[in-house]
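Raw contents of work-v6.txt, compact mmCIF, C-alpha atoms and all ligand atoms:
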# COMPACT_ATOMS: atom_id res chain seq x y z
CA MET S 1 69.40 105.48 140.91
CA LYS S 2 70.44 102.55 143.09
CA ASP S 3 73.81 102.61 144.86
CA PHE S 4 74.10 98.89 145.62
CA PHE S 5 72.99 95.94 143.48
CA THR S 6 71.92 92.37 144.04
CA ASN S 7 72.94 89.34 142.04
CA GLU S 8 69.44 89.34 140.47
CA GLU S 9 70.03 92.85 139.16
CA PHE S 10 73.42 91.95 137.67
CA THR S 11 71.68 88.96 136.06
CA GLU S 12 68.94 91.17 134.64
CA ALA S 13 71.57 93.33 132.89
CA ALA S 14 73.45 90.25 131.64
CA ASP S 15 70.23 88.67 130.31
CA TYR S 16 69.42 91.83 128.39
CA ILE S 17 72.86 91.84 126.72
CA ARG S 18 72.62 88.11 125.93
CA SER S 19 69.26 88.72 124.25
CA ARG S 20 70.87 91.31 121.94
CA THR S 21 73.84 89.32 120.62
CA GLN S 22 74.78 85.86 119.41
CA TYR S 23 78.39 86.31 120.54
CA ARG S 24 79.55 84.65 123.75
CA PRO S 25 82.74 86.57 124.55
CA THR S 26 85.25 85.37 127.13
CA ILE S 27 87.41 88.48 126.71
CA GLY S 28 86.31 91.92 127.92
CA LEU S 29 87.99 95.21 127.12
CA ILE S 30 87.37 98.58 128.76
CA LEU S 31 88.45 101.60 126.72
CA GLY S 32 89.54 104.73 128.57
CA SER S 33 89.40 108.43 127.69
CA GLY S 34 90.00 109.10 124.00
CA LEU S 35 90.53 105.40 123.25
CA SER S 36 87.00 104.64 121.98
CA PRO S 37 88.06 104.50 118.28
CA LEU S 38 89.85 101.24 119.09
CA ALA S 39 86.46 99.51 118.96
CA ASP S 40 86.23 100.36 115.23
CA ALA S 41 88.65 97.46 114.67
CA VAL S 42 85.93 94.96 115.65
CA ASP S 43 84.31 92.98 112.81
CA ASN S 44 80.55 92.40 112.50
CA ALA S 45 79.82 94.12 115.76
CA ASP S 46 76.60 94.13 117.73
CA ILE S 47 76.27 97.53 119.34
CA ILE S 48 74.31 98.12 122.53
CA PRO S 49 74.03 101.65 124.00
CA TYR S 50 74.55 101.64 127.78
CA GLU S 51 71.27 103.53 128.24
CA ASN S 52 69.36 100.45 127.03
CA ILE S 53 70.99 98.11 129.56
CA PRO S 54 69.33 97.90 133.00
CA TYR S 55 71.35 99.66 135.75
CA PHE S 56 74.35 100.49 133.49
CA PRO S 57 76.05 103.79 134.45
CA ILE S 58 76.21 106.24 131.56
CA PRO S 59 79.41 108.25 131.03
CA SER S 60 78.89 112.00 130.86
CA VAL S 61 82.35 113.16 129.78
CA GLU S 62 83.68 113.73 126.29
CA GLY S 63 85.76 110.88 124.88
CA HIS S 64 83.52 108.18 126.40
CA VAL S 65 80.99 106.99 123.83
CA GLY S 66 78.90 104.84 126.16
CA ARG S 67 78.11 101.66 124.28
CA LEU S 68 79.03 98.00 124.18
CA VAL S 69 80.66 96.75 121.00
CA ILE S 70 80.50 92.96 120.84
CA GLY S 71 82.08 91.09 117.94
CA ARG S 72 85.22 89.46 116.54
CA LEU S 73 88.76 90.78 116.89
CA GLU S 74 91.73 88.65 115.80
CA GLY S 75 89.50 85.60 115.67
CA ARG S 76 88.27 86.03 119.25
CA ASP S 77 84.82 86.98 120.52
CA VAL S 78 85.28 90.19 122.48
CA LEU S 79 83.04 92.49 124.46
CA ILE S 80 84.28 96.06 124.40
CA MET S 81 83.12 98.85 126.67
CA GLN S 82 83.47 101.97 124.58
CA GLY S 83 83.90 104.34 127.49
CA ARG S 84 83.35 104.01 131.22
CA ALA S 85 81.63 105.93 133.99
CA HIS S 86 83.79 107.41 136.78
CA TYR S 87 83.27 107.99 140.48
CA TYR S 88 83.74 111.75 139.98
CA GLU S 89 80.66 111.86 137.75
CA GLY S 90 78.59 111.22 140.85
CA TYR S 91 78.20 107.44 140.62
CA SER S 92 78.87 105.10 143.53
CA MET S 93 81.75 102.62 143.49
CA GLN S 94 79.18 99.84 143.01
CA GLN S 95 77.63 101.62 140.03
CA ILE S 96 80.92 102.18 138.19
CA THR S 97 81.89 98.54 138.65
CA LEU S 98 78.51 97.00 137.78
CA PRO S 99 79.60 96.42 134.15
CA VAL S 100 82.44 94.17 135.38
CA ARG S 101 80.00 92.06 137.44
CA VAL S 102 77.80 91.80 134.36
CA MET S 103 80.73 90.78 132.14
CA ARG S 104 81.55 88.01 134.59
CA LEU S 105 77.99 86.69 134.38
CA LEU S 106 78.24 86.78 130.59
CA GLY S 107 81.24 84.46 130.76
CA VAL S 108 84.11 86.93 130.46
CA GLU S 109 87.22 85.39 132.04
CA THR S 110 89.92 87.79 130.89
CA LEU S 111 89.54 91.53 131.39
CA ILE S 112 91.77 94.01 129.59
CA VAL S 113 91.53 97.48 131.14
CA THR S 114 92.90 100.59 129.52
CA ASN S 115 93.05 104.19 130.63
CA ALA S 116 94.55 107.55 129.87
CA ALA S 117 96.92 108.49 132.65
CA GLY S 118 99.29 111.22 133.70
CA GLY S 119 102.95 110.20 133.59
CA LEU S 120 104.80 110.62 136.89
CA ARG S 121 108.23 109.60 135.65
CA PRO S 122 110.42 112.23 134.01
CA ASP S 123 111.28 109.84 131.17
CA PHE S 124 107.62 109.33 130.12
CA THR S 125 106.27 111.29 127.16
CA PRO S 126 102.66 111.68 125.92
CA GLY S 127 101.79 108.78 123.63
CA ASP S 128 103.81 106.21 125.60
CA LEU S 129 102.23 102.94 126.71
CA MET S 130 102.71 101.57 130.23
CA LEU S 131 101.95 98.01 131.24
CA ILE S 132 100.42 98.14 134.71
CA THR S 133 102.38 95.83 137.02
CA ASP S 134 100.53 96.82 140.19
CA HIS S 135 98.41 99.63 141.57
CA ILE S 136 98.08 101.85 144.61
CA ASN S 137 94.47 102.05 145.73
CA LEU S 138 94.72 105.50 147.25
CA ILE S 139 90.95 106.10 147.13
CA GLY S 140 90.44 102.66 148.68
CA MET S 141 92.70 103.60 151.58
CA ALA S 142 90.44 106.61 152.06
CA GLY S 143 87.36 104.35 152.22
CA LEU S 144 86.18 104.12 148.61
CA ASN S 145 86.19 100.43 147.81
CA PRO S 146 83.65 98.74 145.49
CA LEU S 147 83.57 95.70 147.80
CA ARG S 148 82.30 97.77 150.72
CA GLY S 149 78.92 96.51 151.90
CA VAL S 150 77.42 93.08 152.44
CA ASN S 151 79.48 90.44 150.62
CA ASP S 152 77.65 87.89 148.47
CA PRO S 153 79.91 84.83 148.76
CA THR S 154 78.59 83.48 145.45
CA LEU S 155 80.28 86.47 143.76
CA GLY S 156 83.61 86.31 145.57
CA PRO S 157 85.39 86.31 148.95
CA ARG S 158 84.83 88.87 151.73
CA PHE S 159 88.57 89.54 152.07
CA LEU S 160 90.25 89.56 148.71
CA ASP S 161 93.93 88.84 148.04
CA MET S 162 95.40 91.52 145.77
CA SER S 163 99.02 90.35 145.72
CA GLN S 164 98.93 89.50 141.99
CA ALA S 165 96.09 91.65 140.69
CA TYR S 166 97.67 92.02 137.24
CA ASP S 167 98.12 88.53 135.85
CA PRO S 168 101.84 87.64 135.53
CA ALA S 169 101.32 85.41 132.47
CA LEU S 170 99.31 88.09 130.65
CA ARG S 171 101.96 90.68 131.49
CA ALA S 172 104.70 88.43 130.13
CA LEU S 173 102.63 87.91 126.99
CA ALA S 174 102.13 91.67 126.49
CA LEU S 175 105.88 92.27 126.90
CA ARG S 176 106.66 89.53 124.38
CA VAL S 177 104.22 90.97 121.85
CA ALA S 178 105.57 94.51 122.35
CA LYS S 179 109.11 93.26 121.77
CA GLU S 180 108.12 91.41 118.60
CA LEU S 181 106.38 94.52 117.29
CA ASN S 182 109.24 96.80 118.29
CA LEU S 183 106.72 98.78 120.31
CA PRO S 184 108.12 100.53 123.39
CA LEU S 185 106.22 99.42 126.50
CA TRP S 186 107.04 100.82 129.93
CA GLN S 187 106.14 98.92 133.08
CA GLY S 188 104.90 100.61 136.21
CA VAL S 189 102.51 101.22 139.07
CA TYR S 190 99.18 103.01 138.52
CA VAL S 191 97.67 105.10 141.29
CA CYS S 192 93.97 105.89 141.34
CA LEU S 193 92.64 109.23 142.58
CA ALA S 194 88.98 110.18 142.72
CA GLY S 195 89.30 113.28 140.51
CA PRO S 196 87.96 115.30 138.76
CA THR S 197 90.66 117.82 139.70
CA PHE S 198 94.09 117.20 138.28
CA GLU S 199 96.94 117.05 140.79
CA THR S 200 98.80 119.91 142.39
CA PRO S 201 102.60 119.87 142.10
CA ALA S 202 102.69 118.79 145.77
CA ASP S 203 100.27 115.92 144.98
CA ILE S 204 102.61 114.83 142.19
CA ARG S 205 105.69 114.86 144.43
CA PHE S 206 103.76 112.81 146.99
CA LEU S 207 102.60 110.26 144.37
CA ARG S 208 106.18 109.83 143.14
CA ILE S 209 107.46 109.28 146.67
CA ILE S 210 104.89 106.57 147.38
CA GLY S 211 106.02 104.67 144.30
CA ALA S 212 103.52 105.48 141.57
CA ASP S 213 104.51 105.82 137.91
CA ALA S 214 101.18 106.90 136.39
CA VAL S 215 98.10 108.59 137.85
CA GLY S 216 94.48 108.40 136.78
CA MET S 217 90.86 108.46 137.89
CA SER S 218 89.65 104.96 136.99
CA THR S 219 90.65 101.30 136.54
CA VAL S 220 91.42 100.31 140.15
CA PRO S 221 87.77 99.76 141.22
CA GLU S 222 87.16 97.68 138.07
CA VAL S 223 90.26 95.57 138.68
CA ILE S 224 89.18 94.90 142.28
CA VAL S 225 85.77 93.66 141.17
CA ALA S 226 87.28 91.62 138.34
CA ARG S 227 89.64 89.90 140.79
CA HIS S 228 86.77 89.40 143.22
CA GLY S 229 85.00 87.50 140.44
CA GLY S 230 88.13 85.47 139.63
CA MET S 231 88.90 87.13 136.31
CA ARG S 232 92.42 87.45 134.91
CA VAL S 233 93.41 91.08 134.38
CA LEU S 234 95.72 92.86 131.95
CA GLY S 235 96.05 96.63 132.42
CA ILE S 236 97.55 99.19 130.08
CA SER S 237 97.88 102.92 130.64
CA GLY S 238 98.25 105.32 127.76
CA ILE S 239 100.34 108.24 128.96
CA SER S 240 98.40 111.28 127.82
CA ASN S 241 100.28 114.02 129.64
CA VAL S 242 103.26 114.39 131.85
CA ALA S 243 102.68 115.52 135.42
CA ILE S 244 103.49 119.09 136.26
CA THR S 245 105.90 119.22 139.18
CA GLU S 246 106.68 122.92 139.16
CA PRO S 247 104.07 125.60 138.52
CA GLU S 248 104.84 127.38 135.28
CA GLU S 249 103.13 130.18 133.35
CA GLY S 250 100.98 128.79 130.50
CA LYS S 251 101.44 125.15 131.51
CA GLU S 252 98.35 123.33 132.71
CA ALA S 253 96.70 119.91 132.52
CA SER S 254 93.49 119.63 130.48
CA HIS S 255 91.01 117.04 129.24
CA GLU S 256 91.65 118.26 125.65
CA GLU S 257 95.30 117.29 126.03
CA VAL S 258 94.19 113.85 127.27
CA LEU S 259 91.88 113.35 124.27
CA GLN S 260 94.52 114.55 121.80
CA ALA S 261 97.04 112.05 123.12
CA GLY S 262 94.39 109.37 122.58
CA GLN S 263 94.78 109.85 118.83
CA MET S 264 98.45 109.00 119.16
CA LEU S 265 97.79 106.13 121.55
CA VAL S 266 95.03 104.31 119.66
CA PRO S 267 97.15 102.89 116.77
CA ARG S 268 99.83 101.69 119.22
CA LEU S 269 97.32 100.17 121.56
CA ILE S 270 95.52 98.43 118.68
CA SER S 271 98.76 96.80 117.49
CA LEU S 272 99.58 95.63 121.00
CA LEU S 273 96.09 94.29 121.71
CA ARG S 274 95.82 92.55 118.35
CA GLY S 275 99.07 90.75 119.11
CA VAL S 276 97.91 89.81 122.60
CA LEU S 277 94.55 88.52 121.34
CA GLN S 278 96.23 86.43 118.63
CA ARG S 279 98.34 84.66 121.21
CA LEU S 280 95.93 84.46 124.12
CA GLY S 281 94.77 80.96 123.36
CA GLU S 282 98.28 79.54 122.89
N1 LIG M 301 95.95 113.04 136.34
C1 LIG M 301 94.90 112.27 136.65
N2 LIG M 301 94.21 111.60 135.74
C2 LIG M 301 94.58 111.68 134.46
C3 LIG M 301 95.67 112.46 134.07
C4 LIG M 301 96.39 113.19 135.06
O1 LIG M 301 97.37 113.90 134.79
N3 LIG M 301 95.79 112.33 132.72
C5 LIG M 301 94.80 111.50 132.32
N4 LIG M 301 94.06 111.10 133.38
Exercise: express the given structure as structure tokens:
Amino acid sequence: MKDFFTNEEFTEAADYIRSRTQYRPTIGLILGSGLSPLADAVDNADIIPYENIPYFPIPSVEGHVGRLVIGRLEGRDVLIMQGRAHYYEGYSMQQITLPVRVMRLLGVETLIVTNAAGGLRPDFTPGDLMLITDHINLIGMAGLNPLRGVNDPTLGPRFLDMSQAYDPALRALALRVAKELNLPLWQGVYVCLAGPTFETPADIRFLRIIGADAVGMSTVPEVIVARHGGMRVLGISGISNVAITEPEEGKEASHEEVLQAGQMLVPRLISLLRGVLQRLGE
């Protein structure tokens, strides 16, 4: 499988998707671990398995269905990625972010990214939602950046500003909607690790010190590529587990725990996203 892609290859994937649906969505949504059922809310959906789309990376972990659901939600045309591929599955940074490039070519202007994340703040509990205000690109600092390589200036700038990666107006809108719905919504900083190991207690103490509120293994590469392509980004973490800071008998992090929390998170996330979609055009 290819590690890097050309604009022609992104276009090939976009053309395939366009040939399989009449919808022309301007809103894209990426659903994280255990959040796939959210796509069931879409009306009259066209469904495209990732394996049929040229170059699309296919998720291999449970909780990631691996198909595009394109249809109507709250009167808007949306393109939903039901599951994502991760770096830890063996894909390159360019492979895991190819779907975002393709969305851009399809006309998506607003990207809503979701994930399941570990809570780093003592007051977080599983099932909480956190609006991402900013991120720490820890894997990027270690050299894993999806923009590494030759830059095609028709796609975006060589050196990308990331000072307002998470759109202030979209964040304000999400907070307004949450308030109206009486839905608790934390705000905080997401830090991206490569995974697939969960963190040691020392990792967790370090992540807290550097200013992170939630930790996960996705999202940041996608947001970088979305910003590179000039998309507006809204990011929401579903807190699926609370970080373990002291080793304790019988207490450990697991993917099952993450998927279970998804069941709690999905109804809350649906209400929030419905409200956001209703008001997006205003
Ligand atoms: N750590 C990293 N990634 C995660 C976690 C976690 O605790 N929970 C869900 N994704």
Which one is closest to Thr197 in chain S: S:Ala174, S:Leu120, S:Ala253, S:Ala226? Count all atoms listed in the file.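 Closest to Thr197 in chain S of all the choices is S:Ala253.
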Shell of 7 Å around ligand LIG 301 (chain M) (all atoms listed in the file), written as a count of residues only: 16
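Going from CA of Glu8 in chain S to CA of His228 in chain S covers 17.5 Å.
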Near-Thr219 in chain S list (9 Å; only C-alpha atoms; drop same-chain fewer than 6 positions) as a PDB file with C-alpha atoms, in the frame of the given file:
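Listed below is the output, result28.pdb:
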ATOM      1  CA  ILE S  30      87.370  98.580 128.760  1.00  0.00           C
ATOM      2  CA  GLY S  32      89.540 104.730 128.570  1.00  0.00           C
ATOM      3  CA  VAL S 113      91.530  97.480 131.140  1.00  0.00           C
ATOM      4  CA  THR S 114      92.900 100.590 129.520  1.00  0.00           C
ATOM      5  CA  ASN S 115      93.050 104.190 130.630  1.00  0.00           C
ATOM      6  CA  TYR S 190      99.180 103.010 138.520  1.00  0.00           C
ATOM      7  CA  CYS S 192      93.970 105.890 141.340  1.00  0.00           C
ATOM      8  CA  GLY S 235      96.050  96.630 132.420  1.00  0.00           C
TER       9      GLY S 235
END
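If you count all atoms listed in the file and ignore residues fewer than 6 places along the chain from Asn137 in chain S, what sits within 12 Å of it is Gly143, Leu144, Asn145, Pro146, Met162, Ala165, Val189, Tyr190, Val191, Cys192, Leu193, Ala194, Leu207, Ile210, Gly211, Ala212, Val215, Gly216, Met217, Ser218, Thr219, Val220, Pro221, Glu222, Val223 and Ile224 of chain S.
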Put those residues in a file: C-alpha atoms, as a compact mmCIF listing (two decimals), in the frame of the given file.
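Printed below is result-v4.txt as written:
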# COMPACT_ATOMS: atom_id res chain seq x y z
CA GLY S 143 87.36 104.35 152.22
CA LEU S 144 86.18 104.12 148.61
CA ASN S 145 86.19 100.43 147.81
CA PRO S 146 83.65 98.74 145.49
CA MET S 162 95.40 91.52 145.77
CA ALA S 165 96.09 91.65 140.69
CA VAL S 189 102.51 101.22 139.07
CA TYR S 190 99.18 103.01 138.52
CA VAL S 191 97.67 105.10 141.29
CA CYS S 192 93.97 105.89 141.34
CA LEU S 193 92.64 109.23 142.58
CA ALA S 194 88.98 110.18 142.72
CA LEU S 207 102.60 110.26 144.37
CA ILE S 210 104.89 106.57 147.38
CA GLY S 211 106.02 104.67 144.30
CA ALA S 212 103.52 105.48 141.57
CA VAL S 215 98.10 108.59 137.85
CA GLY S 216 94.48 108.40 136.78
CA MET S 217 90.86 108.46 137.89
CA SER S 218 89.65 104.96 136.99
CA THR S 219 90.65 101.30 136.54
CA VAL S 220 91.42 100.31 140.15
CA PRO S 221 87.77 99.76 141.22
CA GLU S 222 87.16 97.68 138.07
CA VAL S 223 90.26 95.57 138.68
CA ILE S 224 89.18 94.90 142.28
Pull the neighbourhood of (67.3, 91.7, 119.9) for me: all residues within 12 Å in file coordinates, counting only C-alpha atoms, as a PyMOL selection string. chain S and resi 15-22+46-48+52
Let me see the file: selected residues, C-alpha atoms, as a PDB file, in the frame of the given file.
ATOM      1  CA  ASP S  15      70.230  88.670 130.310  1.00  0.00           C
ATOM      2  CA  TYR S  16      69.420  91.830 128.390  1.00  0.00           C
ATOM      3  CA  ILE S  17      72.860  91.840 126.720  1.00  0.00           C
ATOM      4  CA  ARG S  18      72.620  88.110 125.930  1.00  0.00           C
ATOM      5  CA  SER S  19      69.260  88.720 124.250  1.00  0.00           C
ATOM      6  CA  ARG S  20      70.870  91.310 121.940  1.00  0.00           C
ATOM      7  CA  THR S  21      73.840  89.320 120.620  1.00  0.00           C
ATOM      8  CA  GLN S  22      74.780  85.860 119.410  1.00  0.00           C
ATOM      9  CA  ASP S  46      76.600  94.130 117.730  1.00  0.00           C
ATOM     10  CA  ILE S  47      76.270  97.530 119.340  1.00  0.00           C
ATOM     11  CA  ILE S  48      74.310  98.120 122.530  1.00  0.00           C
ATOM     12  CA  ASN S  52      69.360 100.450 127.030  1.00  0.00           C
TER      13      ASN S  52
END
Will you model N, CA and C atoms for range 179-200 of chain S and pass it back as an mmCIF file, keeping the file's coordinate frame?
data_model
loop_
_atom_site.group_PDB
_atom_site.id
_atom_site.type_symbol
_atom_site.label_atom_id
_atom_site.label_comp_id
_atom_site.auth_asym_id
_atom_site.auth_seq_id
_atom_site.Cartn_x
_atom_site.Cartn_y
_atom_site.Cartn_z
ATOM 1 N N LYS S 179 107.741 93.448 122.258
ATOM 2 C CA LYS S 179 109.110 93.260 121.770
ATOM 3 C C LYS S 179 109.097 92.850 120.295
ATOM 4 N N GLU S 180 108.228 91.884 119.985
ATOM 5 C CA GLU S 180 108.120 91.410 118.600
ATOM 6 C C GLU S 180 107.732 92.544 117.651
ATOM 7 N N LEU S 181 106.875 93.432 118.130
ATOM 8 C CA LEU S 181 106.380 94.520 117.290
ATOM 9 C C LEU S 181 107.294 95.738 117.327
ATOM 10 N N ASN S 182 108.350 95.653 118.137
ATOM 11 C CA ASN S 182 109.240 96.800 118.290
ATOM 12 C C ASN S 182 108.504 98.015 118.842
ATOM 13 N N LEU S 183 107.594 97.742 119.741
ATOM 14 C CA LEU S 183 106.720 98.780 120.310
ATOM 15 C C LEU S 183 107.185 99.052 121.740
ATOM 16 N N PRO S 184 107.655 100.267 122.021
ATOM 17 C CA PRO S 184 108.120 100.530 123.390
ATOM 18 C C PRO S 184 106.980 100.373 124.401
ATOM 19 N N LEU S 185 107.241 99.654 125.473
ATOM 20 C CA LEU S 185 106.220 99.420 126.500
ATOM 21 C C LEU S 185 106.881 99.555 127.873
ATOM 22 N N TRP S 186 106.538 100.644 128.574
ATOM 23 C CA TRP S 186 107.040 100.820 129.930
ATOM 24 C C TRP S 186 106.300 99.857 130.861
ATOM 25 N N GLN S 187 106.858 99.655 132.042
ATOM 26 C CA GLN S 187 106.140 98.920 133.080
ATOM 27 C C GLN S 187 106.077 99.807 134.316
ATOM 28 N N GLY S 188 104.956 99.781 135.019
ATOM 29 C CA GLY S 188 104.900 100.610 136.210
ATOM 30 C C GLY S 188 103.627 100.468 137.019
ATOM 31 N N VAL S 189 103.595 101.254 138.087
ATOM 32 C CA VAL S 189 102.510 101.220 139.070
ATOM 33 C C VAL S 189 101.530 102.368 138.794
ATOM 34 N N TYR S 190 100.252 102.022 138.755
ATOM 35 C CA TYR S 190 99.180 103.010 138.520
ATOM 36 C C TYR S 190 98.551 103.389 139.846
ATOM 37 N N VAL S 191 98.366 104.670 140.066
ATOM 38 C CA VAL S 191 97.670 105.100 141.290
ATOM 39 C C VAL S 191 96.348 105.755 140.903
ATOM 40 N N CYS S 192 95.307 105.388 141.644
ATOM 41 C CA CYS S 192 93.970 105.890 141.340
ATOM 42 C C CYS S 192 93.549 106.974 142.336
ATOM 43 N N LEU S 193 93.212 108.135 141.798
ATOM 44 C CA LEU S 193 92.640 109.230 142.580
ATOM 45 C C LEU S 193 91.174 109.382 142.187
ATOM 46 N N ALA S 194 90.399 110.053 143.021
ATOM 47 C CA ALA S 194 88.980 110.180 142.720
ATOM 48 C C ALA S 194 88.712 111.196 141.600
ATOM 49 N N GLY S 195 89.577 112.225 141.471
ATOM 50 C CA GLY S 195 89.300 113.280 140.510
ATOM 51 C C GLY S 195 88.090 114.094 140.960
ATOM 52 N N PRO S 196 87.540 114.969 140.125
ATOM 53 C CA PRO S 196 87.960 115.300 138.760
ATOM 54 C C PRO S 196 89.078 116.338 138.675
ATOM 55 N N THR S 197 89.541 116.872 139.801
ATOM 56 C CA THR S 197 90.660 117.820 139.700
ATOM 57 C C THR S 197 91.927 117.072 139.302
ATOM 58 N N PHE S 198 92.750 117.733 138.505
ATOM 59 C CA PHE S 198 94.090 117.200 138.280
ATOM 60 C C PHE S 198 94.925 117.503 139.529
ATOM 61 N N GLU S 199 96.134 116.990 139.575
ATOM 62 C CA GLU S 199 96.940 117.050 140.790
ATOM 63 C C GLU S 199 97.661 118.390 140.911
ATOM 64 N N THR S 200 97.911 118.771 142.139
ATOM 65 C CA THR S 200 98.800 119.910 142.390
ATOM 66 C C THR S 200 100.237 119.404 142.279
#
